[in-house]
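Trainee: Enclosed is the structure file entry.txt (compact mmCIF, C-alpha atoms).
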```txt
# COMPACT_ATOMS: atom_id res chain seq x y z
CA MET C 1 174.69 193.78 12.74
CA THR C 2 170.96 193.38 13.05
CA GLN C 3 169.48 192.61 16.43
CA THR C 4 166.01 191.16 17.05
CA LYS C 5 164.18 193.51 19.35
CA LYS C 6 162.61 191.83 22.37
CA PRO C 7 159.17 193.29 23.14
CA LYS C 8 159.05 195.14 26.41
CA PRO C 9 157.08 193.31 29.10
CA GLY C 10 153.59 194.73 29.46
CA THR C 11 153.48 196.16 25.94
CA LYS C 12 150.88 195.14 23.33
CA ASP C 13 153.48 193.11 21.43
CA ALA C 14 154.48 191.13 24.49
CA LYS C 15 150.83 190.46 25.33
CA SER C 16 149.97 189.09 21.88
CA LYS C 17 153.07 186.91 21.93
CA SER C 18 152.14 185.52 25.33
CA THR C 19 148.55 184.88 24.19
CA LEU C 20 149.86 183.06 21.14
CA TRP C 21 151.99 180.80 23.36
CA TRP C 22 148.98 180.11 25.56
CA ILE C 23 146.91 179.08 22.53
CA ILE C 24 149.69 176.89 21.12
CA GLY C 25 150.21 175.27 24.53
CA GLY C 26 146.46 174.71 24.95
CA VAL C 27 146.06 173.11 21.52
CA LEU C 28 149.09 170.86 22.04
CA GLY C 29 147.91 169.87 25.52
CA LEU C 30 144.43 169.09 24.27
CA GLY C 31 145.88 167.09 21.40
CA LEU C 32 147.88 165.00 23.85
CA ILE C 33 144.83 164.42 26.03
CA VAL C 34 142.71 163.40 23.01
CA ALA C 35 145.43 161.01 21.88
CA LEU C 36 145.67 159.51 25.35
CA ALA C 37 141.86 159.14 25.61
CA ALA C 38 141.75 157.45 22.20
CA SER C 39 144.57 155.08 23.07
CA ILE C 40 142.83 153.77 26.20
CA ALA C 41 139.33 153.74 24.70
CA THR C 42 139.53 150.18 23.54
CA GLU C 43 136.78 147.81 24.37
CA PRO C 44 136.23 144.34 22.93
CA GLU C 45 133.11 143.86 20.84
CA VAL C 46 130.28 142.71 23.07
CA ASP C 47 126.97 141.07 22.38
CA GLU C 48 124.44 143.83 23.11
CA THR C 49 121.78 141.25 24.05
CA VAL C 50 123.83 140.03 27.03
CA GLY C 51 121.95 140.69 30.26
CA PHE C 52 118.52 140.47 28.64
CA GLY C 53 116.06 137.62 28.35
CA ASP C 54 112.89 137.00 26.39
CA PRO C 55 110.25 136.35 29.05
CA THR C 56 106.59 135.72 28.28
CA VAL C 57 104.00 137.47 30.42
CA GLU C 58 100.34 136.48 30.55
CA GLY C 59 97.49 138.02 32.50
CA ASN C 60 96.56 141.51 33.58
CA PRO C 61 99.33 143.80 34.82
CA LEU C 62 99.33 145.01 38.41
CA PRO C 63 98.91 148.78 38.81
CA VAL C 64 102.07 150.80 39.42
CA TYR C 65 103.08 150.62 43.08
CA ALA C 66 103.08 153.95 44.88
CA SER C 67 106.02 153.97 47.28
CA GLY C 68 105.26 154.60 50.92
CA THR C 69 101.54 153.86 50.63
CA GLN C 70 99.31 150.86 51.21
CA ASP C 71 99.46 148.60 48.15
CA VAL C 72 96.13 148.99 46.34
CA ALA C 73 96.74 145.83 44.34
CA VAL C 74 96.60 143.40 47.30
CA GLY C 75 94.47 140.39 46.36
CA LEU C 76 94.77 140.93 42.62
CA PRO C 77 96.12 138.06 40.54
CA ALA C 78 99.66 138.72 39.35
CA PRO C 79 100.67 137.99 35.77
CA THR C 80 102.20 134.64 34.97
CA VAL C 81 105.80 134.87 33.81
CA THR C 82 107.74 132.27 31.89
CA GLY C 83 111.36 133.17 31.48
CA ALA C 84 114.89 131.94 31.91
CA ASP C 85 118.14 132.79 33.63
CA TRP C 86 121.29 133.82 31.72
CA GLU C 87 122.14 130.19 31.00
CA GLY C 88 118.72 129.49 29.57
CA ASN C 89 117.44 127.49 32.56
CA PRO C 90 113.66 127.99 32.72
CA VAL C 91 112.26 129.98 35.65
CA ALA C 92 108.55 130.75 36.11
CA ILE C 93 106.33 132.88 38.30
CA GLU C 94 103.06 131.01 38.22
CA ALA C 95 100.28 129.51 40.32
CA ASP C 96 102.05 126.29 41.32
CA GLY C 97 100.88 126.09 44.93
CA THR C 98 104.07 127.60 46.40
CA SER C 99 104.15 131.10 47.88
CA LYS C 100 106.81 133.34 46.41
CA ILE C 101 108.83 136.43 47.14
CA VAL C 102 109.80 138.02 43.85
CA LEU C 103 112.72 140.43 44.02
CA PHE C 104 113.40 142.87 41.16
CA LEU C 105 117.01 144.03 40.91
CA ALA C 106 118.93 146.49 38.74
CA HIS C 107 122.68 145.92 38.41
CA TRP C 108 123.51 149.67 38.51
CA CYS C 109 121.30 150.49 41.51
CA PRO C 110 123.36 151.12 44.67
CA HIS C 111 120.44 150.03 46.86
CA CYS C 112 120.29 146.70 45.02
CA GLN C 113 124.05 146.36 45.36
CA ALA C 114 123.67 146.82 49.10
CA GLU C 115 120.62 144.57 49.39
CA VAL C 116 121.86 141.55 47.41
CA PRO C 117 124.63 140.42 49.83
CA ARG C 118 122.28 141.03 52.74
CA VAL C 119 119.59 138.82 51.19
CA GLN C 120 122.12 136.15 50.26
CA ASP C 121 123.49 136.05 53.81
CA TRP C 122 119.93 135.76 55.08
CA VAL C 123 119.26 132.83 52.69
CA ASP C 124 122.58 131.19 53.57
CA ALA C 125 121.66 131.40 57.24
CA GLY C 126 118.63 129.20 56.49
CA ASN C 127 115.99 131.87 57.00
CA LEU C 128 114.08 131.08 53.80
CA PRO C 129 111.59 128.33 54.70
CA ASP C 130 110.91 125.45 52.32
CA ASP C 131 107.32 126.54 51.68
CA VAL C 132 108.37 129.94 50.31
CA GLU C 133 110.34 130.43 47.13
CA LEU C 134 112.57 133.42 46.39
CA ILE C 135 112.74 134.36 42.72
CA SER C 136 114.63 137.34 41.40
CA VAL C 137 114.20 139.34 38.22
CA ALA C 138 117.21 141.13 36.71
CA THR C 139 115.63 144.21 35.19
CA SER C 140 116.41 147.76 33.97
CA THR C 141 119.63 146.40 32.51
CA ASP C 142 121.68 149.09 30.84
CA ARG C 143 124.85 148.32 28.93
CA SER C 144 126.25 151.82 29.45
CA ARG C 145 125.96 151.76 33.23
CA PRO C 146 128.43 150.36 35.76
CA ASN C 147 128.32 146.82 37.14
CA TRP C 148 127.11 145.34 33.85
CA PRO C 149 126.16 142.62 33.04
CA PRO C 150 123.86 141.65 35.91
CA GLN C 151 124.76 137.95 35.81
CA ASP C 152 128.44 138.66 36.51
CA TRP C 153 127.46 140.73 39.52
CA LEU C 154 125.04 138.09 40.84
CA VAL C 155 127.57 135.29 40.35
CA GLU C 156 130.17 137.38 42.15
CA GLU C 157 127.77 137.84 45.06
CA GLY C 158 127.15 134.10 45.21
CA TRP C 159 123.46 134.58 44.39
CA THR C 160 121.65 131.24 44.68
CA SER C 161 118.01 132.13 43.93
CA PRO C 162 116.58 131.54 40.46
CA VAL C 163 116.80 134.58 38.20
CA ILE C 164 114.55 135.68 35.35
CA MET C 165 116.29 137.98 32.88
CA ASP C 166 113.90 140.77 31.93
CA ASP C 167 113.85 142.08 28.35
CA GLN C 168 115.07 145.43 26.98
CA ILE C 169 111.83 147.24 27.74
CA GLY C 170 111.38 145.78 31.23
CA THR C 171 108.21 143.85 30.43
CA VAL C 172 108.20 141.80 33.65
CA ALA C 173 108.91 144.81 35.86
CA GLY C 174 106.26 146.86 34.10
CA ASN C 175 103.65 144.13 34.53
CA PHE C 176 104.31 143.95 38.26
CA GLY C 177 104.01 147.74 38.67
CA MET C 178 107.62 148.25 39.71
CA ALA C 179 108.22 151.81 40.90
CA GLY C 180 111.84 151.55 42.05
CA THR C 181 114.54 149.02 42.78
CA PRO C 182 114.94 146.87 44.76
CA PHE C 183 111.29 145.91 44.50
CA TYR C 184 109.62 143.03 46.33
CA VAL C 185 106.34 141.33 45.43
CA VAL C 186 104.86 138.66 47.70
CA LEU C 187 102.59 136.10 46.01
CA ASP C 188 100.49 133.28 47.40
CA GLY C 189 100.40 129.80 45.87
CA GLU C 190 97.69 130.91 43.47
CA ASN C 191 99.85 133.76 42.22
CA ASN C 192 97.76 136.44 43.94
CA ASN C 193 99.53 139.58 45.11
CA LEU C 194 99.81 139.71 48.91
CA GLY C 195 101.81 142.92 49.03
CA ARG C 196 104.58 144.91 47.38
CA VAL C 197 107.34 147.05 48.79
CA SER C 198 110.11 149.10 47.23
CA GLY C 199 113.55 149.83 48.68
CA GLU C 200 116.06 148.20 50.98
CA ILE C 201 114.20 146.23 53.65
CA GLY C 202 117.03 144.31 55.30
CA THR C 203 116.67 141.03 57.15
CA GLU C 204 113.80 142.17 59.38
CA GLY C 205 111.85 143.14 56.30
CA LEU C 206 112.60 139.78 54.70
CA ASP C 207 111.30 137.98 57.81
CA ALA C 208 108.12 140.05 57.56
CA LEU C 209 107.71 139.16 53.87
CA VAL C 210 108.13 135.47 54.69
CA ALA C 211 105.49 135.75 57.39
CA LEU C 212 103.21 137.46 54.88
CA ALA C 213 103.83 134.78 52.27
CA GLN C 214 103.13 132.01 54.79
CA SER C 215 99.97 133.68 56.08
CA GLY C 216 98.53 133.66 52.56
CA THR C 217 96.65 136.87 53.17
CA GLY C 218 97.72 140.39 52.36
CA MET G 1 125.99 155.62 19.53
CA SER G 2 128.70 152.99 19.86
CA ALA G 3 130.06 152.01 23.25
CA GLN G 4 133.52 152.78 21.84
CA THR G 5 132.61 156.43 21.20
CA ILE G 6 131.10 156.87 24.65
CA LEU G 7 134.18 155.28 26.19
CA PHE G 8 136.43 157.67 24.26
CA PHE G 9 134.58 160.71 25.56
CA ASN G 10 134.43 159.25 29.07
CA ASN G 11 138.23 158.93 28.93
CA LEU G 12 138.66 162.37 27.42
CA PHE G 13 136.57 164.14 30.04
CA ALA G 14 138.06 162.06 32.86
CA ILE G 15 141.62 162.96 31.84
CA LEU G 16 140.67 166.61 31.36
CA THR G 17 139.14 166.57 34.83
CA LEU G 18 142.35 165.28 36.39
CA VAL G 19 144.46 167.77 34.43
CA VAL G 20 142.38 170.80 35.44
CA LEU G 21 142.21 169.64 39.04
CA VAL G 22 145.99 169.37 39.19
CA ALA G 23 146.23 172.81 37.56
CA ALA G 24 143.81 174.24 40.11
CA VAL G 25 145.84 172.81 42.98
CA GLY G 26 148.99 174.22 41.36
CA LEU G 27 147.42 177.67 41.13
CA VAL G 28 146.31 177.60 44.75
CA VAL G 29 149.80 176.57 45.88
CA TYR G 30 151.33 179.30 43.69
CA ARG G 31 148.99 181.85 45.24
CA LEU G 32 149.97 180.74 48.75
CA VAL G 33 153.65 181.00 47.93
CA LYS G 34 153.58 184.20 45.89
CA GLY G 35 150.88 186.09 47.72
CA PRO G 36 148.73 188.73 45.94
CA ASP G 37 151.32 189.04 43.13
CA ALA G 38 150.29 185.58 41.94
CA ALA G 39 147.38 187.09 39.97
CA ALA G 40 149.91 188.47 37.49
CA LEU G 41 150.65 184.91 36.35
CA LEU G 42 147.44 184.68 34.35
CA ASP G 43 146.59 188.34 34.09
CA GLY G 44 143.47 188.78 31.93
CA LYS G 45 143.67 185.21 30.67
CA ALA G 46 142.13 183.78 33.83
CA ILE G 47 138.65 184.80 32.73
CA TRP G 48 139.13 183.29 29.27
CA LEU G 49 140.38 180.03 30.78
CA ALA G 50 137.41 179.96 33.16
CA TRP G 51 135.12 180.47 30.16
CA VAL G 52 136.79 177.59 28.29
CA VAL G 53 136.21 175.30 31.29
CA ALA G 54 132.54 176.37 31.52
CA LEU G 55 132.10 175.93 27.76
CA VAL G 56 133.65 172.44 27.73
CA ALA G 57 131.52 171.42 30.73
CA THR G 58 128.37 172.78 29.06
CA VAL G 59 129.07 171.13 25.71
CA GLY G 60 130.05 167.92 27.49
CA SER G 61 126.87 167.76 29.53
CA LEU G 62 124.76 168.41 26.40
CA MET G 63 126.67 165.69 24.57
CA TYR G 64 125.87 163.15 27.27
CA SER G 65 122.16 163.97 27.30
CA GLU G 66 121.47 164.79 23.64
CA TRP G 67 123.93 162.55 21.85
CA PHE G 68 124.53 159.64 24.22
CA HIS G 69 120.96 159.80 25.61
CA PHE G 70 121.95 159.76 29.29
CA VAL G 71 118.95 161.15 31.17
CA PRO G 72 120.05 163.85 33.66
CA CYS G 73 118.86 163.23 37.21
CA ARG G 74 117.43 165.93 39.50
CA LEU G 75 120.79 166.92 41.03
CA CYS G 76 122.41 166.89 37.57
CA TRP G 77 119.85 169.47 36.52
CA PHE G 78 120.74 171.75 39.43
CA GLN G 79 124.40 171.58 38.38
CA ARG G 80 123.43 172.34 34.78
CA ILE G 81 121.45 175.35 35.99
CA ALA G 82 124.67 176.65 37.55
CA MET G 83 127.05 175.74 34.73
CA TYR G 84 125.16 176.87 31.63
CA PRO G 85 124.86 180.57 32.55
CA LEU G 86 128.58 180.61 33.42
CA ALA G 87 129.40 179.79 29.79
CA ILE G 88 127.60 183.01 28.79
CA ILE G 89 128.44 185.32 31.70
CA LEU G 90 132.16 184.54 31.58
CA LEU G 91 132.31 185.09 27.83
CA VAL G 92 130.63 188.50 28.10
CA GLY G 93 132.88 189.43 31.02
CA ALA G 94 135.98 188.32 29.12
CA ILE G 95 135.07 190.27 26.00
CA ARG G 96 134.22 193.39 28.00
CA ARG G 97 137.29 192.87 30.24
CA GLU G 98 135.21 193.50 33.32
CA ALA G 99 136.72 192.43 36.61
CA VAL G 100 133.32 192.77 38.22
CA VAL G 101 132.14 189.65 36.39
CA LYS G 102 133.76 187.50 39.05
CA PHE G 103 131.31 188.82 41.62
CA TYR G 104 128.46 187.49 39.49
CA ALA G 105 130.11 184.26 38.42
CA MET G 106 131.74 183.22 41.70
CA PRO G 107 128.48 182.66 43.68
CA ILE G 108 127.05 180.61 40.81
CA ALA G 109 130.21 178.48 40.65
CA LEU G 110 130.19 177.96 44.42
CA ILE G 111 126.50 176.97 44.45
CA GLY G 112 127.19 174.53 41.61
CA LEU G 113 130.16 173.15 43.53
CA ALA G 114 128.01 172.64 46.65
CA VAL G 115 125.47 170.65 44.63
CA SER G 116 128.24 168.59 43.02
CA ILE G 117 129.71 167.77 46.42
CA TYR G 118 126.29 166.71 47.71
CA HIS G 119 125.70 164.61 44.56
CA ASN G 120 129.02 162.83 45.06
CA VAL G 121 128.18 162.18 48.70
CA VAL G 122 124.78 160.75 47.66
CA GLN G 123 126.54 158.33 45.34
CA PHE G 124 128.61 157.06 48.24
CA TYR G 125 125.67 157.11 50.68
CA PRO G 126 122.57 156.38 48.55
CA SER G 127 120.28 156.29 51.59
CA LEU G 128 120.51 160.13 51.70
CA GLU G 129 118.16 160.17 48.71
CA GLY G 130 115.74 157.47 49.91
CA GLY G 131 115.77 153.70 50.12
CA SER G 132 115.23 152.76 46.47
CA CYS G 133 116.36 153.67 42.98
CA ASP G 134 114.10 155.42 40.55
CA PRO G 135 114.12 152.94 37.65
CA LEU G 136 115.04 155.66 35.15
CA ASN G 137 117.55 158.11 36.56
CA PRO G 138 118.21 158.01 40.29
CA CYS G 139 120.70 160.56 41.62
CA SER G 140 122.33 157.85 43.71
CA ALA G 141 123.32 155.65 40.77
CA ARG G 142 126.49 156.24 38.80
CA SER G 143 126.09 156.84 35.08
CA ILE G 144 129.72 156.07 34.37
CA GLU G 145 132.69 155.02 36.49
CA MET G 146 136.12 156.19 35.39
CA PHE G 147 139.31 155.14 37.18
CA GLY G 148 137.08 153.41 39.73
CA PHE G 149 135.78 156.61 41.33
CA MET G 150 134.92 159.32 38.83
CA ASP G 151 131.38 159.97 37.67
CA LEU G 152 129.78 162.97 35.94
CA PRO G 153 129.08 164.94 39.17
CA PHE G 154 132.77 164.58 40.08
CA MET G 155 133.71 166.08 36.72
CA ALA G 156 131.18 168.88 37.20
CA GLY G 157 132.55 169.56 40.69
CA ALA G 158 136.09 169.75 39.31
CA ALA G 159 134.93 172.24 36.68
CA PHE G 160 133.28 174.43 39.33
CA ILE G 161 136.45 174.30 41.46
CA VAL G 162 138.67 175.33 38.55
CA ILE G 163 136.31 178.13 37.52
CA ALA G 164 136.25 179.44 41.11
CA VAL G 165 140.05 179.32 41.37
CA LEU G 166 140.50 181.06 38.02
CA LEU G 167 137.99 183.74 39.00
CA ALA G 168 139.92 184.31 42.20
CA PHE G 169 142.98 184.90 40.00
CA TYR G 170 141.17 187.35 37.78
CA THR G 171 141.96 190.97 38.41
CA LYS G 172 140.99 194.10 36.56
CA VAL G 173 142.73 194.30 33.23
CA LYS G 174 144.88 197.37 32.94
CA GLU G 175 144.90 199.03 29.54
```
Represent the supplied structure as structure tokens.

Mentor:
Amino acid sequence: MTQTKKPKPGTKDAKSKSTLWWIIGGVLGLGLIVALAASIATEPEVDETVGFGDPTVEGNPLPVYASGTQDVAVGLPAPTVTGADWEGNPVAIEADGTSKIVLFLAHWCPHCQAEVPRVQDWVDAGNLPDDVELISVATSTDRSRPNWPPQDWLVEEGWTSPVIMDDQIGTVAGNFGMAGTPFYVVLDGENNNLGRVSGEIGTEGLDALVALAQSGTG
Amino acid sequence: MSAQTILFFNNLFAILTLVVLVAAVGLVVYRLVKGPDAAALLDGKAIWLAWVVALVATVGSLMYSEWFHFVPCRLCWFQRIAMYPLAIILLVGAIRREAVVKFYAMPIALIGLAVSIYHNVVQFYPSLEGGSCDPLNPCSARSIEMFGFMDLPFMAGAAFIVIAVLLAFYTKVKE
């Protein structure tokens, strides 16, 4: 009677057998993981233009804002923007006699995600006076990043201010010299830049921007 | 690059991350129960497994930047600086069967892990890296979000943990 010899533990034979089992186990495990990843990687076809607009910008761009320094562009005329929100409702940044606070937001930016509810609460509390308009620009939209598309996020936050959807290359943001998000630009009624600031500013900062907008001087 | 392909690889790396983390926890528990004899479980294979983890992490990170065009942020670069050499050092150590390799690789893995932990904390507390987002690639913003919590630095951190655990299991190979 023939007997299959078991390799002695610790011998070369036993080691190669054990390595073989490790490789087989690894390949099988990886195969299972790949199959699982493929089975849950289903996403409905989406319109890649969602989250973008087609705004028109006229006029000279403002220089890029340098964070943490005095804005060198105070007093310069800001470009005129004609755009629309995600439903196609027209929104403009132009010299119409009303001072404006323009807020640039990126859906994936955690600072914007923290700032938006704060700003909305501040607006809801009646802190935005009638002679100052708050306009937001949804910019730096990126399909592959979380919290997309921006309109779903803003609707979820109960955002009530008019929104201009920036285009794929961030034309509006680029023309206002945006250096980071959130980014605020204060304009007088003639569309002149009174001051810009980048980052979370909270309600005290918003009050200061309103005071700046109402003063009409940067 | 289609969103479907990116989603597939996001899922793949996310599942792999969970699997290796569970394995790392299992190894640590085994070590606590078995004591020093636990190293015999993996024997010389620990170094090869650590190399596979470093290789997958390296290839994965290059895929995200070169194929999917995700721009690495500053902290991502520091983690890459730690991970990429590991893919080479561990391979050389595994081929040469040198136990001493763990004394070179372990500090690199631990430094990488420290950066990953900090990066994850920054994503939860963005104010640690300033008050605004760089419009291109801020460290505080998530590039992806798997299972509601997992981003690329989490995956990198898991890889560093597993490599460190496997290195701790690696003992001199007896011929």

Trainee: Using all atoms listed in the file, which chain C residues lie at most 8 Å away from chain G, written as a list of chain:residue names?

Mentor: C:Ile33, C:Val34, C:Leu36, C:Ala37, C:Ala38, C:Ile40, C:Ala41, C:Thr42, C:Glu43, C:Trp108, C:Cys109, C:Pro110, C:His111, C:Ser140, C:Ser144, C:Arg145, C:Pro146, C:Ala179, C:Gly180, C:Thr181, C:Pro182, C:Ser198, C:Gly199, C:Glu200

Trainee: Take atom CA of C:Ala84 and atom CA of C:Val119 and report the distance between them in Å, one decimal.

Mentor: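 Here the two named atoms are 21.0 Å from each other.
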
Trainee: Show me as a ChimeraX atom specification the residues that reach within 12 Å of (129.1, 189.0, 35.5), counting all atoms listed in the file and using the file's own coordinates.

Mentor: /G:47,51,85-109,167

Trainee: Could you work out how far atom CA of C:Gly83 lies from atom CA of C:Leu206, giving the answer in Å with one decimal?

Mentor: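 Result for atom CA of C:Leu206 versus atom CA of C:Gly83: 24.2 Å, one decimal.
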
Trainee: Between atom CA of G:Gly157 and atom CA of G:Gly44, what is the distance, to one decimal in Å?

Mentor: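 Between atom CA of G:Gly157 and atom CA of G:Gly44 the gap is 23.8 Å.
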
Trainee: Counting all atoms listed in the file, what is within 12 Å of C:Gln70, bar same-chain residues fewer than 2 positions away, as a ChimeraX atom specification?

Mentor: /C:65-68,72-74,194-198,218

Trainee: Find the residues with any atom within 7 Å of (106.4, 134.9, 32.1); use all atoms listed in the file and the coordinates as given in the file, and write the answer as a list of chain:residue names.

Mentor: C:Pro55, C:Thr56, C:Val57, C:Glu58, C:Thr80, C:Val81, C:Thr82, C:Gly83, C:Ala92, C:Ile93

Trainee: My list of candidates is C:Ile201, C:Leu105, C:Ala211, C:Leu20. Which is closest to C:Ala138 when distances are computed with all atoms listed in the file?

Mentor: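 Closest to C:Ala138, using all atoms listed in the file: C:Leu105.
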
Trainee: For G:Ser65, list every protein, DNA or RNA residue within 12 Å, evaluated using all atoms listed in the file, and leave out those in the same chain fewer than 4 positions away; present the list as a PyMOL selection string.

Mentor: chain G and resi 6+58-61+69-73+76-77+80+137+143+152

Trainee: Create the file for the chosen residues now, containing C-alpha atoms and written as a PDB file, keeping the file's coordinate frame.

Mentor:
```
ATOM      1  CA  ILE G   6     131.100 156.870  24.650  1.00  0.00           C
ATOM      2  CA  THR G  58     128.370 172.780  29.060  1.00  0.00           C
ATOM      3  CA  VAL G  59     129.070 171.130  25.710  1.00  0.00           C
ATOM      4  CA  GLY G  60     130.050 167.920  27.490  1.00  0.00           C
ATOM      5  CA  SER G  61     126.870 167.760  29.530  1.00  0.00           C
ATOM      6  CA  HIS G  69     120.960 159.800  25.610  1.00  0.00           C
ATOM      7  CA  PHE G  70     121.950 159.760  29.290  1.00  0.00           C
ATOM      8  CA  VAL G  71     118.950 161.150  31.170  1.00  0.00           C
ATOM      9  CA  PRO G  72     120.050 163.850  33.660  1.00  0.00           C
ATOM     10  CA  CYS G  73     118.860 163.230  37.210  1.00  0.00           C
ATOM     11  CA  CYS G  76     122.410 166.890  37.570  1.00  0.00           C
ATOM     12  CA  TRP G  77     119.850 169.470  36.520  1.00  0.00           C
ATOM     13  CA  ARG G  80     123.430 172.340  34.780  1.00  0.00           C
ATOM     14  CA  ASN G 137     117.550 158.110  36.560  1.00  0.00           C
ATOM     15  CA  SER G 143     126.090 156.840  35.080  1.00  0.00           C
ATOM     16  CA  LEU G 152     129.780 162.970  35.940  1.00  0.00           C
TER      17      LEU G 152
END
```
